[in-house]
file target.csv (CSV, C-alpha atoms and all ligand atoms)
chain,number,residue,atom,x,y,z
A,1,MET,CA,188.6,195.6,-100.2
A,2,LYS,CA,185.7,193.3,-100.1
A,3,ILE,CA,183.0,193.6,-102.8
A,4,GLU,CA,179.6,192.1,-102.1
A,5,LEU,CA,177.1,191.4,-104.8
A,6,ASP,CA,173.7,192.1,-103.3
A,7,LEU,CA,171.4,190.7,-105.9
A,8,SER,CA,168.3,191.4,-103.8
A,9,ARG,CA,168.8,195.1,-104.3
A,10,ARG,CA,168.4,194.9,-108.0
A,11,PRO,CA,165.4,197.0,-109.2
A,12,ASP,CA,163.8,194.0,-110.9
A,13,ALA,CA,164.4,191.7,-107.9
A,14,ALA,CA,161.5,189.3,-107.2
A,15,PRO,CA,161.0,188.8,-103.4
A,16,ALA,CA,162.7,185.6,-102.2
A,17,VAL,CA,160.2,182.9,-101.2
A,18,PRO,CA,160.4,182.3,-97.4
A,19,PRO,CA,160.9,178.7,-96.3
A,20,SER,CA,157.8,176.5,-95.5
A,21,LEU,CA,157.3,174.9,-92.2
A,22,ALA,CA,154.9,172.3,-93.6
A,23,GLY,CA,156.3,168.8,-93.3
A,24,LEU,CA,159.1,169.7,-90.8
A,25,SER,CA,159.7,167.2,-87.9
A,26,LEU,CA,159.0,168.3,-84.3
A,27,SER,CA,162.7,168.7,-83.6
A,28,ALA,CA,163.2,170.8,-86.8
A,29,LEU,CA,160.2,173.0,-85.8
A,30,LYS,CA,161.8,173.5,-82.4
A,31,ALA,CA,165.1,174.5,-84.0
A,32,GLU,CA,163.3,177.0,-86.2
A,33,MET,CA,161.6,178.5,-83.2
A,34,GLU,CA,165.0,179.0,-81.5
A,35,ALA,CA,166.5,180.5,-84.6
A,36,MET,CA,163.6,183.0,-84.6
A,37,GLY,CA,164.5,184.0,-81.1
A,38,VAL,CA,161.9,182.1,-79.1
A,39,ASP,CA,163.1,181.4,-75.5
A,40,PRO,CA,164.6,177.9,-75.6
A,41,LYS,CA,162.5,177.1,-72.5
A,42,LYS,CA,159.4,177.7,-74.6
A,43,SER,CA,160.5,176.5,-78.0
A,44,GLY,CA,159.4,172.9,-77.4
A,45,MET,CA,155.9,174.0,-76.5
A,46,ARG,CA,155.7,176.3,-79.5
A,47,ALA,CA,156.9,173.6,-81.8
A,48,LYS,CA,154.2,171.3,-80.4
A,49,GLN,CA,151.5,174.0,-81.1
A,50,LEU,CA,152.8,174.4,-84.6
A,51,ARG,CA,152.9,170.6,-85.2
A,52,ARG,CA,149.3,170.3,-84.2
A,53,TRP,CA,148.1,173.2,-86.5
A,54,ILE,CA,150.2,172.1,-89.5
A,55,HIS,CA,150.0,168.3,-89.3
A,56,HIS,CA,146.7,167.7,-87.5
A,57,PHE,CA,144.6,170.5,-88.8
A,58,GLY,CA,146.5,170.9,-92.1
A,59,THR,CA,146.3,174.7,-91.9
A,60,GLN,CA,148.1,176.8,-94.4
A,61,ASP,CA,147.5,180.2,-92.7
A,62,PHE,CA,149.2,181.4,-89.5
A,63,ALA,CA,146.0,183.4,-88.7
A,64,ASP,CA,144.2,180.1,-87.9
A,65,MET,CA,146.6,179.4,-85.0
A,66,THR,CA,144.3,180.9,-82.3
A,67,ASP,CA,146.3,179.6,-79.3
A,68,VAL,CA,149.5,181.3,-80.5
A,69,ALA,CA,149.9,184.9,-79.4
A,70,LYS,CA,149.1,187.4,-82.2
A,71,GLU,CA,152.5,189.0,-82.1
A,72,LEU,CA,154.2,185.6,-82.6
A,73,ARG,CA,151.8,184.8,-85.4
A,74,ALA,CA,152.8,188.0,-87.2
A,75,GLN,CA,156.5,187.2,-86.7
A,76,LEU,CA,155.9,183.7,-88.1
A,77,ALA,CA,154.1,184.9,-91.1
A,78,GLU,CA,156.9,187.3,-91.9
A,79,ARG,CA,159.5,184.6,-91.8
A,80,TYR,CA,157.8,181.5,-93.0
A,81,ILE,CA,155.0,180.1,-95.2
A,82,LEU,CA,152.9,176.9,-94.8
A,83,THR,CA,152.4,176.0,-98.4
A,84,ARG,CA,153.4,172.7,-100.0
A,85,PRO,CA,155.8,172.4,-102.9
A,86,GLU,CA,154.3,173.2,-106.2
A,87,ILE,CA,152.3,170.4,-108.0
A,88,ALA,CA,153.6,170.3,-111.5
A,89,ASP,CA,151.1,167.8,-112.6
A,90,HIS,CA,148.1,165.8,-111.2
A,91,GLN,CA,146.5,162.9,-113.0
A,92,VAL,CA,143.6,160.7,-112.1
A,93,SER,CA,143.3,157.2,-113.6
A,94,ARG,CA,140.2,155.5,-114.8
A,95,ASP,CA,140.5,153.2,-111.8
A,96,GLY,CA,140.6,156.0,-109.3
A,97,THR,CA,144.4,156.0,-108.8
A,98,GLN,CA,145.9,159.5,-108.6
A,99,LYS,CA,149.4,160.6,-109.4
A,100,TRP,CA,151.2,163.8,-108.5
A,101,LEU,CA,154.3,165.2,-110.0
A,102,THR,CA,155.7,167.5,-107.3
A,103,ARG,CA,158.3,170.2,-108.0
A,104,PHE,CA,160.6,170.2,-105.0
A,105,GLY,CA,162.9,172.8,-106.5
A,106,PRO,CA,163.8,174.1,-110.0
A,107,GLY,CA,164.2,171.0,-112.1
A,108,ILE,CA,163.7,168.6,-109.2
A,109,GLU,CA,160.5,166.7,-109.7
A,110,GLY,CA,159.3,163.4,-108.2
A,111,GLU,CA,156.1,161.4,-108.3
A,112,SER,CA,153.7,160.1,-105.7
A,113,VAL,CA,150.7,157.8,-106.3
A,114,PHE,CA,147.5,157.3,-104.3
A,115,ILE,CA,146.0,153.9,-104.7
A,116,PRO,CA,142.5,153.4,-103.4
A,117,ASP,CA,141.5,150.0,-101.8
A,118,VAL,CA,144.9,149.1,-100.5
A,119,GLY,CA,145.6,148.4,-96.9
A,120,LYS,CA,142.6,149.4,-94.6
A,121,ALA,CA,141.4,151.9,-97.2
A,122,GLY,CA,144.0,153.4,-99.5
A,123,ALA,CA,147.8,153.7,-99.8
A,124,LEU,CA,150.0,156.5,-100.8
A,125,CYS,CA,153.2,155.4,-102.6
A,126,VAL,CA,155.9,158.0,-101.9
A,127,SER,CA,159.3,158.7,-103.5
A,128,SER,CA,162.4,158.9,-101.4
A,129,GLN,CA,164.8,160.1,-104.1
A,130,VAL,CA,164.5,161.8,-107.5
A,131,GLY,CA,165.9,159.3,-109.9
A,132,CYS,CA,167.7,156.2,-108.7
A,133,THR,CA,171.2,154.6,-108.6
A,134,LEU,CA,170.1,151.0,-108.9
A,135,ASN,CA,169.4,150.3,-112.6
A,136,CYS,CA,167.0,147.4,-112.2
A,137,THR,CA,166.4,146.4,-115.8
A,138,PHE,CA,162.6,146.2,-115.7
A,139,CYS,CA,162.1,149.5,-113.8
A,140,HIS,CA,161.4,152.8,-115.5
A,141,THR,CA,162.8,154.8,-112.6
A,142,GLY,CA,166.0,152.9,-113.1
A,143,THR,CA,166.5,154.6,-116.5
A,144,GLN,CA,166.7,158.0,-114.7
A,145,LYS,CA,170.0,158.8,-113.0
A,146,LEU,CA,169.9,159.9,-109.4
A,147,VAL,CA,169.2,163.6,-109.2
A,148,ARG,CA,169.2,163.8,-105.4
A,149,ASN,CA,167.8,162.5,-102.2
A,150,LEU,CA,164.6,164.0,-100.9
A,151,THR,CA,164.7,165.7,-97.5
A,152,ALA,CA,162.5,164.4,-94.7
A,153,GLN,CA,160.3,167.5,-95.2
A,154,GLU,CA,159.9,166.8,-98.9
A,155,ILE,CA,158.9,163.2,-98.2
A,156,VAL,CA,156.3,164.3,-95.7
A,157,ALA,CA,155.0,167.0,-98.1
A,158,GLN,CA,153.9,164.3,-100.5
A,159,VAL,CA,151.6,163.0,-97.7
A,160,LEU,CA,150.3,166.6,-97.1
A,161,ILE,CA,149.5,167.1,-100.8
A,162,ALA,CA,147.5,163.8,-100.9
A,163,ARG,CA,145.6,164.7,-97.7
A,164,ASP,CA,144.8,168.2,-99.2
A,165,GLU,CA,143.4,166.6,-102.3
A,166,LEU,CA,141.5,163.9,-100.4
A,167,GLY,CA,140.1,166.6,-98.0
A,168,GLU,CA,141.3,164.6,-95.0
A,169,TRP,CA,142.0,167.5,-92.5
A,170,PRO,CA,141.9,167.6,-89.6
A,171,THR,CA,143.4,164.1,-89.0
A,172,SER,CA,140.5,161.9,-88.1
A,173,THR,CA,140.5,158.4,-86.8
A,174,GLU,CA,137.4,157.3,-88.7
A,175,ASN,CA,136.7,156.6,-92.4
A,176,ARG,CA,140.0,157.8,-93.7
A,177,ARG,CA,140.8,157.1,-97.3
A,178,LEU,CA,144.5,157.4,-96.8
A,179,THR,CA,145.5,154.8,-94.2
A,180,ASN,CA,148.8,153.4,-95.4
A,181,ILE,CA,152.1,154.7,-96.7
A,182,VAL,CA,154.4,152.7,-98.9
A,183,PHE,CA,157.9,153.8,-99.8
A,184,MET,CA,157.7,152.2,-103.2
A,185,GLY,CA,157.9,155.3,-105.4
A,186,MET,CA,161.1,156.6,-107.0
A,187,GLY,CA,164.4,155.9,-105.4
A,188,GLU,CA,166.0,153.5,-102.9
A,189,PRO,CA,164.8,154.4,-99.4
A,190,LEU,CA,167.7,152.7,-97.7
A,191,TYR,CA,170.2,154.9,-99.5
A,192,ASN,CA,168.4,157.8,-97.9
A,193,LEU,CA,167.7,156.3,-94.5
A,194,ASP,CA,168.2,159.3,-92.3
A,195,ASN,CA,165.6,161.3,-94.1
A,196,VAL,CA,163.2,158.4,-94.5
A,197,ALA,CA,163.5,157.7,-90.7
A,198,GLU,CA,162.8,161.3,-89.9
A,199,ALA,CA,159.9,161.4,-92.3
A,200,ILE,CA,158.4,158.3,-90.7
A,201,ASP,CA,158.7,159.9,-87.3
A,202,THR,CA,156.6,162.8,-88.5
A,203,ILE,CA,154.1,160.8,-90.5
A,204,SER,CA,153.4,158.4,-87.6
A,205,ASP,CA,153.3,161.1,-84.9
A,206,GLY,CA,149.9,160.6,-83.1
A,207,ASP,CA,149.5,164.4,-82.6
A,208,GLY,CA,150.0,165.1,-86.3
A,209,ILE,CA,149.4,163.0,-89.4
A,210,ALA,CA,149.0,159.9,-87.2
A,211,ILE,CA,149.5,157.1,-89.7
A,212,GLY,CA,150.8,154.3,-87.5
A,213,ARG,CA,154.2,152.7,-88.0
A,214,ARG,CA,152.6,149.3,-88.7
A,215,ARG,CA,150.8,150.9,-91.7
A,216,ILE,CA,154.0,152.2,-93.1
A,217,THR,CA,156.0,149.9,-95.4
A,218,VAL,CA,159.5,150.5,-96.7
A,219,SER,CA,160.6,148.6,-99.7
A,220,THR,CA,164.2,147.9,-100.6
A,221,ALA,CA,165.9,146.3,-103.6
A,222,GLY,CA,168.3,144.8,-101.0
A,223,VAL,CA,170.7,147.2,-99.3
A,224,ALA,CA,171.4,144.4,-96.8
A,225,PRO,CA,173.6,146.2,-94.2
A,226,LYS,CA,170.8,148.8,-93.7
A,227,ILE,CA,167.9,146.4,-93.3
A,228,PRO,CA,168.1,145.7,-89.5
A,229,GLU,CA,168.9,149.4,-88.9
A,230,LEU,CA,165.7,150.3,-90.8
A,231,GLY,CA,163.7,148.1,-88.3
A,232,HIS,CA,165.4,149.5,-85.2
A,233,ARG,CA,165.1,153.1,-86.2
A,234,THR,CA,161.6,153.1,-87.7
A,235,ASN,CA,159.6,150.0,-86.7
A,236,ALA,CA,158.1,150.1,-90.1
A,237,ALA,CA,157.0,147.1,-92.1
A,238,LEU,CA,159.7,145.7,-94.5
A,239,ALA,CA,159.2,144.8,-98.2
A,240,ILE,CA,161.9,143.3,-100.4
A,241,SER,CA,162.0,143.5,-104.1
A,242,LEU,CA,163.1,140.0,-104.7
A,243,HIS,CA,162.2,139.2,-108.4
A,244,SER,CA,164.5,136.2,-108.6
A,245,THR,CA,165.4,133.1,-106.6
A,246,ASN,CA,168.9,132.7,-107.9
A,247,ASP,CA,172.0,134.9,-107.9
A,248,ASP,CA,172.8,134.6,-111.6
A,249,LEU,CA,169.4,136.0,-112.7
A,250,ARG,CA,169.2,138.5,-109.8
A,251,ASN,CA,172.7,139.8,-110.6
A,252,GLU,CA,171.3,140.7,-114.0
A,253,ILE,CA,167.9,142.1,-113.3
A,254,VAL,CA,168.5,143.6,-109.8
A,255,PRO,CA,172.2,144.6,-110.1
A,256,ILE,CA,172.6,145.5,-106.4
A,257,ASN,CA,172.6,141.7,-105.9
A,258,ARG,CA,176.2,141.7,-107.1
A,259,LYS,CA,177.1,143.6,-104.0
A,260,TYR,CA,174.7,141.9,-101.6
A,261,ASP,CA,173.9,138.4,-102.8
A,262,LEU,CA,170.8,136.3,-101.8
A,263,GLN,CA,172.6,134.8,-98.8
A,264,THR,CA,173.7,138.1,-97.4
A,265,LEU,CA,170.2,139.6,-98.1
A,266,PHE,CA,168.4,136.8,-96.3
A,267,GLU,CA,170.8,137.0,-93.3
A,268,ALA,CA,169.8,140.7,-93.0
A,269,ILE,CA,166.1,139.9,-93.4
A,270,ARG,CA,166.3,137.4,-90.6
A,271,ALA,CA,167.9,140.0,-88.4
A,272,TYR,CA,164.9,142.4,-88.9
A,273,PRO,CA,163.5,143.1,-85.5
A,274,ASP,CA,160.2,141.7,-84.2
A,275,LEU,CA,159.3,139.6,-87.2
A,276,SER,CA,156.3,137.4,-86.5
A,277,ASN,CA,153.1,136.1,-88.2
A,278,SER,CA,151.5,139.5,-87.5
A,279,LYS,CA,154.5,141.4,-88.7
A,280,ARG,CA,155.6,139.7,-91.9
A,281,VAL,CA,158.1,140.7,-94.6
A,282,THR,CA,156.5,141.4,-98.0
A,283,PHE,CA,158.3,139.9,-101.0
A,284,GLU,CA,157.7,141.6,-104.3
A,285,TYR,CA,158.1,139.4,-107.4
A,286,VAL,CA,157.6,141.0,-110.8
A,287,MET,CA,156.3,138.5,-113.4
A,288,LEU,CA,158.5,138.7,-116.5
A,289,LYS,CA,157.6,136.5,-119.4
A,290,GLY,CA,160.2,133.8,-120.0
A,291,VAL,CA,162.6,135.3,-117.5
A,292,ASN,CA,161.6,134.4,-113.9
A,293,ASP,CA,158.1,132.8,-114.2
A,294,THR,CA,158.6,129.0,-114.3
A,295,LEU,CA,157.0,126.7,-111.8
A,296,ALA,CA,160.4,125.5,-110.7
A,297,GLU,CA,161.1,129.1,-109.7
A,298,ALA,CA,157.9,129.3,-107.8
A,299,ARG,CA,159.0,126.2,-105.8
A,300,ASP,CA,162.4,127.7,-105.3
A,301,LEU,CA,160.7,130.8,-103.9
A,302,VAL,CA,158.8,128.7,-101.3
A,303,ARG,CA,162.1,127.0,-100.3
A,304,LEU,CA,164.0,130.4,-100.1
A,305,LEU,CA,161.3,131.9,-97.8
A,306,LYS,CA,161.3,129.0,-95.4
A,307,GLY,CA,161.4,130.2,-91.8
A,308,VAL,CA,160.8,133.8,-92.7
A,309,PRO,CA,157.3,135.2,-91.8
A,310,ALA,CA,156.4,136.3,-95.3
A,311,LYS,CA,153.8,137.6,-97.7
A,312,ILE,CA,154.3,137.5,-101.4
A,313,ASN,CA,153.1,140.1,-103.9
A,314,LEU,CA,153.2,138.9,-107.4
A,315,ILE,CA,153.3,142.0,-109.6
A,316,PRO,CA,152.4,141.6,-113.2
A,317,PHE,CA,155.1,143.5,-115.1
A,318,ASN,CA,153.9,147.0,-116.0
A,319,PRO,CA,155.3,148.1,-119.4
A,320,TRP,CA,156.8,151.5,-120.0
A,321,PRO,CA,158.0,153.2,-123.2
A,322,GLY,CA,160.9,151.2,-124.5
A,323,SER,CA,160.8,148.5,-121.8
A,324,PRO,CA,162.7,145.4,-122.8
A,325,TYR,CA,160.2,142.8,-121.2
A,326,GLU,CA,156.7,141.5,-121.5
A,327,CYS,CA,154.4,140.6,-118.7
A,328,SER,CA,153.9,136.8,-118.1
A,329,ASP,CA,150.7,135.3,-119.4
A,330,TRP,CA,147.8,135.4,-117.0
A,331,GLU,CA,147.6,131.6,-116.9
A,332,THR,CA,151.3,131.4,-116.0
A,333,ILE,CA,150.9,133.9,-113.2
A,334,GLU,CA,147.9,132.0,-111.9
A,335,GLU,CA,149.9,128.7,-112.0
A,336,PHE,CA,152.8,130.3,-110.2
A,337,ALA,CA,150.4,131.7,-107.6
A,338,GLU,CA,148.9,128.3,-107.1
A,339,VAL,CA,152.2,126.8,-106.1
A,340,LEU,CA,152.6,129.6,-103.5
A,341,ASN,CA,149.0,129.2,-102.4
A,342,ARG,CA,149.5,125.5,-101.8
A,343,ALA,CA,152.5,126.3,-99.7
A,344,GLY,CA,150.3,128.6,-97.5
A,345,TYR,CA,150.7,132.0,-99.1
A,346,ALA,CA,147.3,133.6,-99.7
A,347,SER,CA,146.1,135.6,-102.8
A,348,PRO,CA,149.3,137.0,-104.0
A,349,ILE,CA,148.6,138.6,-107.4
A,350,ARG,CA,148.6,142.3,-107.3
A,351,THR,CA,146.2,143.9,-109.8
A,352,PRO,CA,147.9,146.6,-111.8
A,353,ARG,CA,146.6,150.0,-110.8
A,354,GLY,CA,146.9,153.3,-112.7
A,355,ARG,CA,148.6,151.8,-115.7
A,356,ASP,CA,146.9,154.3,-118.1
A,357,ILE,CA,148.6,157.2,-116.4
A,358,LEU,CA,152.0,155.4,-115.9
A,359,ALA,CA,151.3,155.3,-112.1
A,360,ALA,CA,151.7,151.5,-111.6
A,361,CYS,CA,154.7,149.9,-109.9
A,362,GLY,CA,157.9,150.7,-111.7
A,363,GLN,CA,156.4,153.2,-114.2
A,364,LEU,CA,157.4,156.3,-112.3
A,365,ARG,CA,159.9,158.6,-113.9
A,366,SER,CA,160.4,162.3,-114.2
A,367,GLU,CA,162.3,164.5,-116.6
A,368,SER,CA,164.6,165.8,-113.9
A,369,VAL,CA,168.3,165.4,-114.5
A,370,LYS,CA,171.3,166.0,-112.3
A,371,LYS,CA,173.1,169.2,-113.2
A,372,SER,CA,176.8,169.7,-113.3
A,373,ALA,CA,178.4,172.3,-111.0
A,374,ALA,CA,179.0,174.5,-114.0
A,375,GLU,CA,175.4,174.3,-115.1
A,376,LYS,CA,174.2,175.1,-111.6
A,377,ARG,CA,176.4,178.1,-111.5
A,378,ARG,CA,175.3,179.3,-114.8
A,379,GLU,CA,171.7,179.0,-113.8
A,380,ALA,CA,172.3,180.7,-110.5
A,381,LEU,CA,173.9,183.6,-112.4
A,382,GLU,CA,170.9,183.8,-114.7
A,383,ALA,CA,168.5,183.6,-111.8
A,384,GLY,CA,170.5,186.4,-110.2
A,385,SER,CA,168.8,188.8,-112.6
A,386,SER,CA,165.5,187.8,-110.9
A,387,GLY,CA,167.0,188.3,-107.5
A,388,GLN,CA,167.9,184.9,-106.3
A,389,SER,CA,171.1,184.3,-104.3
A,390,LEU,CA,174.2,182.7,-105.7
A,391,THR,CA,174.3,179.7,-103.3
A,401,LIG,N1,164.0,150.8,-104.7
A,401,LIG,C1,163.0,150.3,-103.8
A,401,LIG,C2,161.7,151.0,-103.9
A,401,LIG,C3,161.0,151.0,-105.2
A,401,LIG,S1,159.6,149.9,-105.0
A,401,LIG,C4,162.8,148.8,-104.2
A,401,LIG,O1,163.3,148.4,-105.2
A,401,LIG,O2,162.2,148.1,-103.5
A,401,LIG,C5,159.0,149.7,-106.6
A,401,LIG,C6,158.6,148.3,-106.8
A,401,LIG,O3,158.1,148.1,-108.1
A,401,LIG,C7,159.7,147.4,-106.7
A,401,LIG,O4,159.3,146.2,-106.1
A,401,LIG,C8,160.1,147.2,-108.1
A,401,LIG,O5,160.9,146.1,-108.3
A,401,LIG,C9,158.8,147.1,-108.7
A,401,LIG,N2,158.8,147.4,-110.2
A,401,LIG,C10,159.7,148.1,-110.8
A,401,LIG,N3,159.5,148.2,-112.1
A,401,LIG,C11,158.3,147.5,-112.3
A,401,LIG,C12,157.5,147.2,-113.5
A,401,LIG,N4,157.8,147.7,-114.7
A,401,LIG,N5,156.4,146.4,-113.3
A,401,LIG,C13,156.1,146.0,-112.1
A,401,LIG,N6,156.8,146.2,-111.0
A,401,LIG,C14,157.9,146.9,-111.1
call {"tool": "encode", "arguments": {"input": "target.csv", "output": "structure tokens"}}
result
Amino acid sequence: MKIELDLSRRPDAAPAVPPSLAGLSLSALKAEMEAMGVDPKKSGMRAKQLRRWIHHFGTQDFADMTDVAKELRAQLAERYILTRPEIADHQVSRDGTQKWLTRFGPGIEGESVFIPDVGKAGALCVSSQVGCTLNCTFCHTGTQKLVRNLTAQEIVAQVLIARDELGEWPTSTENRRLTNIVFMGMGEPLYNLDNVAEAIDTISDGDGIAIGRRRITVSTAGVAPKIPELGHRTNAALAISLHSTNDDLRNEIVPINRKYDLQTLFEAIRAYPDLSNSKRVTFEYVMLKGVNDTLAEARDLVRLLKGVPAKINLIPFNPWPGSPYECSDWETIEEFAEVLNRAGYASPIRTPRGRDILAACGQLRSESVKKSAAEKRREALEAGSSGQSLT
């Protein structure tokens, strides 16, 4: 005899929340249409209509979709929603930087940051994972264990949330405030490349959010074997978190260097497709007092970058609670920058933004923790009393 536990029948059952279509890629929308019973010959067309409403107009109500038959709209509304993940917290810095803490699921929270005056108008820094596996010693996210990869939909949702707040629907070509996307939030994008690539397809889609691939930058701490693949799959701009010019120090502060050393890293960078003076690699270099900030290291940096079309961002170290470093003195940073300037690299010091709300580079961290299978099961059982399934 088979016994099924149907928790949805409990008298105190809360209705299960239907899935959202917001942030799905065109191919995922097409698959949903087919799962709903739409004729496969028409599913592509329907997916394109949805894409336009969701990612060009930003609509959150199926009733707005005037070119979709009423009956289909009703079916859609029964099965799906168009809302974004819940915003657990939203803070605005004195300097105009905004930070969102988004709840992707129970106990799964990640941060995104909008920085005005970056790129053509403003950049959104998105997370690709909740937590991180890398343990870079100067990075706050590095103190948080990996909870999980974000899905492509969850990455795109961060852009939708920023657009909602900035009032930038429908997608316009003029006077946008959000013009650039940087994958420099929580996590290592190249350890989640499938989802990052799918998210970039959706974000850059000209009939949707329409932020061009050239305005999308993916930053990596140095997952060398994935670097050329990133270029081939996404055509995005590449950024490298370098932070040291020699293996000994880099092994210590960016531990992934023990797996892929500087030579391996630079071979991968040189294999990045289409590099030129108009498509340069950005090298990020955090200024740590007494650790990596001597003028000899500035000269080493120039030597190391020889032959690579490069820009350098010197990032004054942003402290976080309990951080073991200090930021280099301003004078030291300027002298370091001067060496780079003389070698032909222009204005490389990045002004810290949003430090007061812990929104600056490397300050992101959430309270989310990875749960054991036993904990998950216990929670699911408890949630059962409010009608959620045991999956
Ligand atoms: N894992 C990817 C994406 C994160 S990008 C990567 O490492 O590139 C975040 C950037 O901020 C990286 O360049 C990181 O090295 C830098 N960073 C981390 N902690 C910092 C801090 N406390 N102050 C300044 N920059 C920091």
call {"tool": "closest_residue", "arguments": {"input": "target.csv", "among": "A:Val302, A:Val254, A:Leu314, A:Lys371", "to": "Thr137 of chain A", "atoms": "all atoms listed in the file"}}
result
A:Val254
call {"tool": "residues_near_ligand", "arguments": {"input": "target.csv", "ligand": "ligand LIG 401 (chain A)", "cutoff": "8 Å", "atoms": "only C-alpha atoms and all ligand atoms", "output": "ChimeraX atom specification"}}
result
/A:132,134,136,138-141,183-189,218-222,239-243,284-287,315-320,323,360-363
call {"tool": "residues_near_point", "arguments": {"input": "target.csv", "point": "(143.8, 168.0, -87.0)", "cutoff": "10 Å", "atoms": "all atoms listed in the file", "output": "PyMOL selection string"}}
result
chain A and resi 51-59+168-172+207-210
call {"tool": "atom_distance", "arguments": {"input": "target.csv", "atom1": "atom CA of Val130 of chain A", "atom2": "atom CA of Lys145 of chain A"}}
result
8.3 Å
call {"tool": "closest_residue", "arguments": {"input": "target.csv", "among": "A:Glu297, A:Lys289, A:Ile161, A:Ala224", "to": "Thr264 of chain A", "atoms": "all atoms listed in the file"}}
result
A:Ala224
call {"tool": "atom_distance", "arguments": {"input": "target.csv", "atom1": "atom CA of Thr179 of chain A", "atom2": "atom CA of Val159 of chain A"}}
result
10.8 Å
call {"tool": "atom_distance", "arguments": {"input": "target.csv", "atom1": "atom CA of Ala157 of chain A", "atom2": "atom CA of Thr143 of chain A"}}
result
25.0 Å
call {"tool": "residues_around", "arguments": {"input": "target.csv", "residues": "Val156 of chain A", "least_positions_apart": "4", "cutoff": "12 Å", "atoms": "only C-alpha atoms", "output": "JSON, numbers by chain"}}
result
{"A": [21, 22, 23, 24, 25, 54, 55, 84, 85, 104, 112, 124, 125, 126, 127, 128, 150, 151, 152, 160, 161, 162, 163, 181, 183, 195, 196, 197, 198, 199, 200, 201, 202, 203, 204, 205, 208, 209, 211]}
call {"tool": "write_last_selection", "arguments": {"input": "target.csv", "atoms": "C-alpha atoms", "output": "CSV table (one decimal), in the frame of the given file"}}
result
chain,number,residue,atom,x,y,z
A,21,LEU,CA,157.3,174.9,-92.2
A,22,ALA,CA,154.9,172.3,-93.6
A,23,GLY,CA,156.3,168.8,-93.3
A,24,LEU,CA,159.1,169.7,-90.8
A,25,SER,CA,159.7,167.2,-87.9
A,54,ILE,CA,150.2,172.1,-89.5
A,55,HIS,CA,150.0,168.3,-89.3
A,84,ARG,CA,153.4,172.7,-100.0
A,85,PRO,CA,155.8,172.4,-102.9
A,104,PHE,CA,160.6,170.2,-105.0
A,112,SER,CA,153.7,160.1,-105.7
A,124,LEU,CA,150.0,156.5,-100.8
A,125,CYS,CA,153.2,155.4,-102.6
A,126,VAL,CA,155.9,158.0,-101.9
A,127,SER,CA,159.3,158.7,-103.5
A,128,SER,CA,162.4,158.9,-101.4
A,150,LEU,CA,164.6,164.0,-100.9
A,151,THR,CA,164.7,165.7,-97.5
A,152,ALA,CA,162.5,164.4,-94.7
A,160,LEU,CA,150.3,166.6,-97.1
A,161,ILE,CA,149.5,167.1,-100.8
A,162,ALA,CA,147.5,163.8,-100.9
A,163,ARG,CA,145.6,164.7,-97.7
A,181,ILE,CA,152.1,154.7,-96.7
A,183,PHE,CA,157.9,153.8,-99.8
A,195,ASN,CA,165.6,161.3,-94.1
A,196,VAL,CA,163.2,158.4,-94.5
A,197,ALA,CA,163.5,157.7,-90.7
A,198,GLU,CA,162.8,161.3,-89.9
A,199,ALA,CA,159.9,161.4,-92.3
A,200,ILE,CA,158.4,158.3,-90.7
A,201,ASP,CA,158.7,159.9,-87.3
A,202,THR,CA,156.6,162.8,-88.5
A,203,ILE,CA,154.1,160.8,-90.5
A,204,SER,CA,153.4,158.4,-87.6
A,205,ASP,CA,153.3,161.1,-84.9
A,208,GLY,CA,150.0,165.1,-86.3
A,209,ILE,CA,149.4,163.0,-89.4
A,211,ILE,CA,149.5,157.1,-89.7
call {"tool": "closest_residue", "arguments": {"input": "target.csv", "among": "A:Ser328, A:Asn292, A:Asn277, A:Asn235", "to": "Pro309 of chain A", "atoms": "all atoms listed in the file"}}
result
A:Asn277
call {"tool": "residues_around", "arguments": {"input": "target.csv", "residues": "Lys311 of chain A", "least_positions_apart": "2", "cutoff": "10 Å", "atoms": "all atoms listed in the file", "output": "PyMOL selection string"}}
result
chain A and resi 239+277+279-284+305+308-309+313-314+340+344-348
call {"tool": "residues_around", "arguments": {"input": "target.csv", "residues": "Val147 of chain A", "least_positions_apart": "3", "cutoff": "9 Å", "atoms": "all atoms listed in the file", "output": "number ranges by chain"}}
result
A: 108, 129-132, 144, 368-371
call {"tool": "closest_residue", "arguments": {"input": "target.csv", "among": "A:Ile216, A:Leu26, A:Ile349, A:Met65", "to": "Thr234 of chain A", "atoms": "only C-alpha atoms"}}
result
A:Ile216
call {"tool": "residues_around", "arguments": {"input": "target.csv", "residues": "Ala268 of chain A", "least_positions_apart": "3", "cutoff": "7 Å", "atoms": "all atoms listed in the file", "output": "list in words"}}
result
Ala224, Pro225, Ile227, Pro228, Thr264, Leu265, Ala271 and Tyr272 of chain A
call {"tool": "residues_around", "arguments": {"input": "target.csv", "residues": "Gly122 of chain A", "least_positions_apart": "5", "cutoff": "10 Å", "atoms": "all atoms listed in the file", "output": "PyMOL selection string"}}
result
chain A and resi 97+114-117+176-181
